[in-house]
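K.L.:
Structure provided below as structure tokens; questions to follow.
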Amino acid sequence: DAGVIQSPRHEVTEMGQEVTLRCKPISGHDYLFWYRQTMMRGLELLIYFNNNVPIDDSGMPEDRFSAKMPNASFSTLKIQPSEPRDSAVYFCASSTPGNLARTDTQYFGPGTRLTVL
Amino acid sequence: AQSVTQPDIHITVSEGASLELRCNYSYGATPYLFWYVQSPGQGLQLLLKYFSGDTLVQGIKGFEAEFKRSQSSFNLRKPSVHWSDAAEYFCALDGGNTPLVFGKGTRLSVIA
């Protein structure tokens with residue numbers, strides 16, 4: 001398996017522009033997670049899906065952020081309009097339930113480094 | 001509320017020396033516990049995990065961790081560090097009703 005695939009790997013945009021980050025989870029995994037990593041705040045969970053349904057989006061910082069999972073093999077994280085404080089590395093991860101129906105190991109993609117000027 | 005604390009932000013060790021990275025958790029029952037490693041410019045990779053049973057868990061790259069319920073700890077150890085171990089290490093907890101809760105991470109530097 002190719003692992004979790006994210007695109008683009010790097011994105012530089014100007015304030016006010018729309019940014020779309022993409023993720024392809026590992027085939028067969030039914031959980032998908034979006035994280036944001038910054039020096040100041042560390043690794044933050046933004047939203048996660050189970051079977052394409054958003055379960056918890058309480059980590060989404062504000063309405064400018066939205067995420068979708070139209071099918072089991074694709075998810076997007078969109079920021080509109082983007083701001084300089086959105087600059088961070090955004091990770092996608094996927095997993096499948098282990099014992100007791102709890103999420104097991106999360107497999108992370110390589111991340112998208114977003115810079116908003 | 002469940003939480004994970006990694007008390008050390010940055011640790012420097014000499015190559016060949018032993019290593020212990022600390023992790024403390026707060027959770028009312030027995031959690032699932034994980035250690036992940038992040039090399040520069042990379043995503044996180046699982047080193048090892050504890051679900052139940054033997055409290056000493058072996059992982060990849062020669063790492064091990066010991067679950068101590070009495071101390072609410074899950075410290076990561078390696079007997080002899082290699083320069084390639086320089087990375088950021090994250091402890092994480094799965095309390096069952098929510099996905100992983102990560103600690104802030106410990107950055108490991110290895111010197112010759």
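Starting from 1 in every chain, residues are counted up; chains themselves are A, B, ... following the order of the structure tokens, and ligands are numbered from 1 as listed.
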Write out as a ChimeraX atom specification each polymer residue whose atoms come within 12 Å of Ser84 (chain B), counting only C-alpha atoms; drop sequence neighbours fewer than 6 positions from it.
P.N.:
/B:14-16,37-40,61,108-112
K.L.:
Write a file of the selected residues as a PDB file, in the first residue's frame, keeping all heavy atoms.
P.N.:
```pdb
ATOM      1  N   SER B  14      24.281  11.789  24.008  1.00  0.00           N
ATOM      2  CA  SER B  14      25.415  11.407  23.178  1.00  0.00           C
ATOM      3  C   SER B  14      25.117  10.113  22.459  1.00  0.00           C
ATOM      4  O   SER B  14      24.414   9.235  22.994  1.00  0.00           O
ATOM      5  CB  SER B  14      26.670  11.248  24.033  1.00  0.00           C
ATOM      6  OG  SER B  14      27.003  12.467  24.664  1.00  0.00           O
ATOM      7  N   GLU B  15      25.651   9.991  21.276  1.00  0.00           N
ATOM      8  CA  GLU B  15      25.463   8.750  20.532  1.00  0.00           C
ATOM      9  C   GLU B  15      26.024   7.581  21.329  1.00  0.00           C
ATOM     10  O   GLU B  15      27.141   7.658  21.866  1.00  0.00           O
ATOM     11  CB  GLU B  15      26.148   8.838  19.167  1.00  0.00           C
ATOM     12  CG  GLU B  15      25.788   7.689  18.241  1.00  0.00           C
ATOM     13  CD  GLU B  15      26.261   7.922  16.812  1.00  0.00           C
ATOM     14  OE1 GLU B  15      27.117   8.797  16.615  1.00  0.00           O
ATOM     15  OE2 GLU B  15      25.760   7.229  15.904  1.00  0.00           O
ATOM     16  N   GLY B  16      25.243   6.522  21.416  1.00  0.00           N
ATOM     17  CA  GLY B  16      25.655   5.357  22.191  1.00  0.00           C
ATOM     18  C   GLY B  16      25.144   5.361  23.620  1.00  0.00           C
ATOM     19  O   GLY B  16      25.153   4.321  24.291  1.00  0.00           O
ATOM     20  N   VAL B  37       7.047   8.749  16.348  1.00  0.00           N
ATOM     21  CA  VAL B  37       8.247   9.511  16.073  1.00  0.00           C
ATOM     22  C   VAL B  37       8.037  10.306  14.793  1.00  0.00           C
ATOM     23  O   VAL B  37       7.394   9.829  13.855  1.00  0.00           O
ATOM     24  CB  VAL B  37       9.490   8.591  15.951  1.00  0.00           C
ATOM     25  CG1 VAL B  37       9.336   7.577  14.827  1.00  0.00           C
ATOM     26  CG2 VAL B  37      10.752   9.421  15.750  1.00  0.00           C
ATOM     27  N   GLN B  38       8.537  11.528  14.800  1.00  0.00           N
ATOM     28  CA  GLN B  38       8.441  12.387  13.623  1.00  0.00           C
ATOM     29  C   GLN B  38       9.834  12.875  13.255  1.00  0.00           C
ATOM     30  O   GLN B  38      10.438  13.661  13.985  1.00  0.00           O
ATOM     31  CB  GLN B  38       7.525  13.573  13.887  1.00  0.00           C
ATOM     32  CG  GLN B  38       7.330  14.469  12.672  1.00  0.00           C
ATOM     33  CD  GLN B  38       6.425  15.662  12.949  1.00  0.00           C
ATOM     34  OE1 GLN B  38       6.314  16.127  14.074  1.00  0.00           O
ATOM     35  NE2 GLN B  38       5.761  16.162  11.916  1.00  0.00           N
ATOM     36  N   SER B  39      10.324  12.408  12.123  1.00  0.00           N
ATOM     37  CA  SER B  39      11.596  12.900  11.612  1.00  0.00           C
ATOM     38  C   SER B  39      11.348  14.217  10.891  1.00  0.00           C
ATOM     39  O   SER B  39      10.235  14.487  10.442  1.00  0.00           O
ATOM     40  CB  SER B  39      12.214  11.875  10.665  1.00  0.00           C
ATOM     41  OG  SER B  39      12.484  10.675  11.362  1.00  0.00           O
ATOM     42  N   PRO B  40      12.369  15.050  10.768  1.00  0.00           N
ATOM     43  CA  PRO B  40      12.179  16.370  10.135  1.00  0.00           C
ATOM     44  C   PRO B  40      11.537  16.260   8.762  1.00  0.00           C
ATOM     45  O   PRO B  40      11.968  15.482   7.913  1.00  0.00           O
ATOM     46  CB  PRO B  40      13.616  16.898  10.053  1.00  0.00           C
ATOM     47  CG  PRO B  40      14.331  16.234  11.178  1.00  0.00           C
ATOM     48  CD  PRO B  40      13.735  14.858  11.270  1.00  0.00           C
ATOM     49  N   LYS B  61      12.869  -0.142  15.748  1.00  0.00           N
ATOM     50  CA  LYS B  61      14.113   0.623  15.885  1.00  0.00           C
ATOM     51  C   LYS B  61      14.762   0.458  17.259  1.00  0.00           C
ATOM     52  O   LYS B  61      15.520   1.332  17.696  1.00  0.00           O
ATOM     53  CB  LYS B  61      13.881   2.112  15.603  1.00  0.00           C
ATOM     54  CG  LYS B  61      13.256   2.392  14.254  1.00  0.00           C
ATOM     55  CD  LYS B  61      13.127   3.888  13.993  1.00  0.00           C
ATOM     56  CE  LYS B  61      12.490   4.133  12.646  1.00  0.00           C
ATOM     57  NZ  LYS B  61      12.453   5.578  12.298  1.00  0.00           N
ATOM     58  N   LEU B 108      14.467  15.256  20.397  1.00  0.00           N
ATOM     59  CA  LEU B 108      15.701  14.570  20.762  1.00  0.00           C
ATOM     60  C   LEU B 108      16.822  15.000  19.840  1.00  0.00           C
ATOM     61  O   LEU B 108      16.702  14.892  18.613  1.00  0.00           O
ATOM     62  CB  LEU B 108      15.526  13.059  20.683  1.00  0.00           C
ATOM     63  CG  LEU B 108      16.795  12.225  20.889  1.00  0.00           C
ATOM     64  CD1 LEU B 108      17.316  12.391  22.318  1.00  0.00           C
ATOM     65  CD2 LEU B 108      16.543  10.759  20.570  1.00  0.00           C
ATOM     66  N   SER B 109      17.893  15.490  20.401  1.00  0.00           N
ATOM     67  CA  SER B 109      19.119  15.769  19.661  1.00  0.00           C
ATOM     68  C   SER B 109      20.170  14.752  20.073  1.00  0.00           C
ATOM     69  O   SER B 109      20.265  14.389  21.255  1.00  0.00           O
ATOM     70  CB  SER B 109      19.627  17.185  19.955  1.00  0.00           C
ATOM     71  OG  SER B 109      18.697  18.157  19.517  1.00  0.00           O
ATOM     72  N   VAL B 110      20.954  14.296  19.098  1.00  0.00           N
ATOM     73  CA  VAL B 110      22.006  13.325  19.360  1.00  0.00           C
ATOM     74  C   VAL B 110      23.334  13.943  18.961  1.00  0.00           C
ATOM     75  O   VAL B 110      23.493  14.406  17.821  1.00  0.00           O
ATOM     76  CB  VAL B 110      21.771  12.021  18.580  1.00  0.00           C
ATOM     77  CG1 VAL B 110      22.885  11.008  18.883  1.00  0.00           C
ATOM     78  CG2 VAL B 110      20.410  11.435  18.928  1.00  0.00           C
ATOM     79  N   ILE B 111      24.277  13.953  19.890  1.00  0.00           N
ATOM     80  CA  ILE B 111      25.588  14.522  19.610  1.00  0.00           C
ATOM     81  C   ILE B 111      26.652  13.423  19.580  1.00  0.00           C
ATOM     82  O   ILE B 111      26.486  12.366  20.198  1.00  0.00           O
ATOM     83  CB  ILE B 111      25.965  15.596  20.644  1.00  0.00           C
ATOM     84  CG1 ILE B 111      25.955  15.008  22.066  1.00  0.00           C
ATOM     85  CG2 ILE B 111      25.031  16.783  20.538  1.00  0.00           C
ATOM     86  CD1 ILE B 111      26.411  15.987  23.127  1.00  0.00           C
ATOM     87  N   ALA B 112      27.699  13.707  18.847  1.00  0.00           N
ATOM     88  CA  ALA B 112      28.771  12.709  18.701  1.00  0.00           C
ATOM     89  C   ALA B 112      29.591  12.570  19.978  1.00  0.00           C
ATOM     90  O   ALA B 112      29.668  13.499  20.769  1.00  0.00           O
ATOM     91  CB  ALA B 112      29.673  13.105  17.539  1.00  0.00           C
TER      92      ALA B 112
END
```
K.L.:
Would you give me, as a list in words, the residues of chain B that come within 6 Å of chain A, using only C-alpha atoms?
P.N.:
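Therefore, the residues near the partner are Gln42, Gly43, Leu44, Gly96 and Lys104 of chain B.
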K.L.:
Put those residues in a file: C-alpha atoms, as a PDB file, in the first residue's frame.
P.N.:
```
ATOM      1  CA  GLN B  42       7.975  13.810   7.754  1.00  0.00           C
ATOM      2  CA  GLY B  43       4.691  12.624   9.155  1.00  0.00           C
ATOM      3  CA  LEU B  44       4.385  10.683  12.382  1.00  0.00           C
ATOM      4  CA  GLY B  96     -11.929   5.049  23.873  1.00  0.00           C
ATOM      5  CA  LYS B 104       3.379  18.319  23.091  1.00  0.00           C
TER       6      LYS B 104
END
```
K.L.:
DSSP on the backbone, strand (DSSP E) only: what residues of region 14-111 of chain B does that give? Format it as an NGL selection string.
P.N.:
:B and (14 or 19-21 or 24-26 or 32-38 or 44-50 or 56-58 or 64-68 or 73-78 or 87-94 or 101-102 or 106-111)
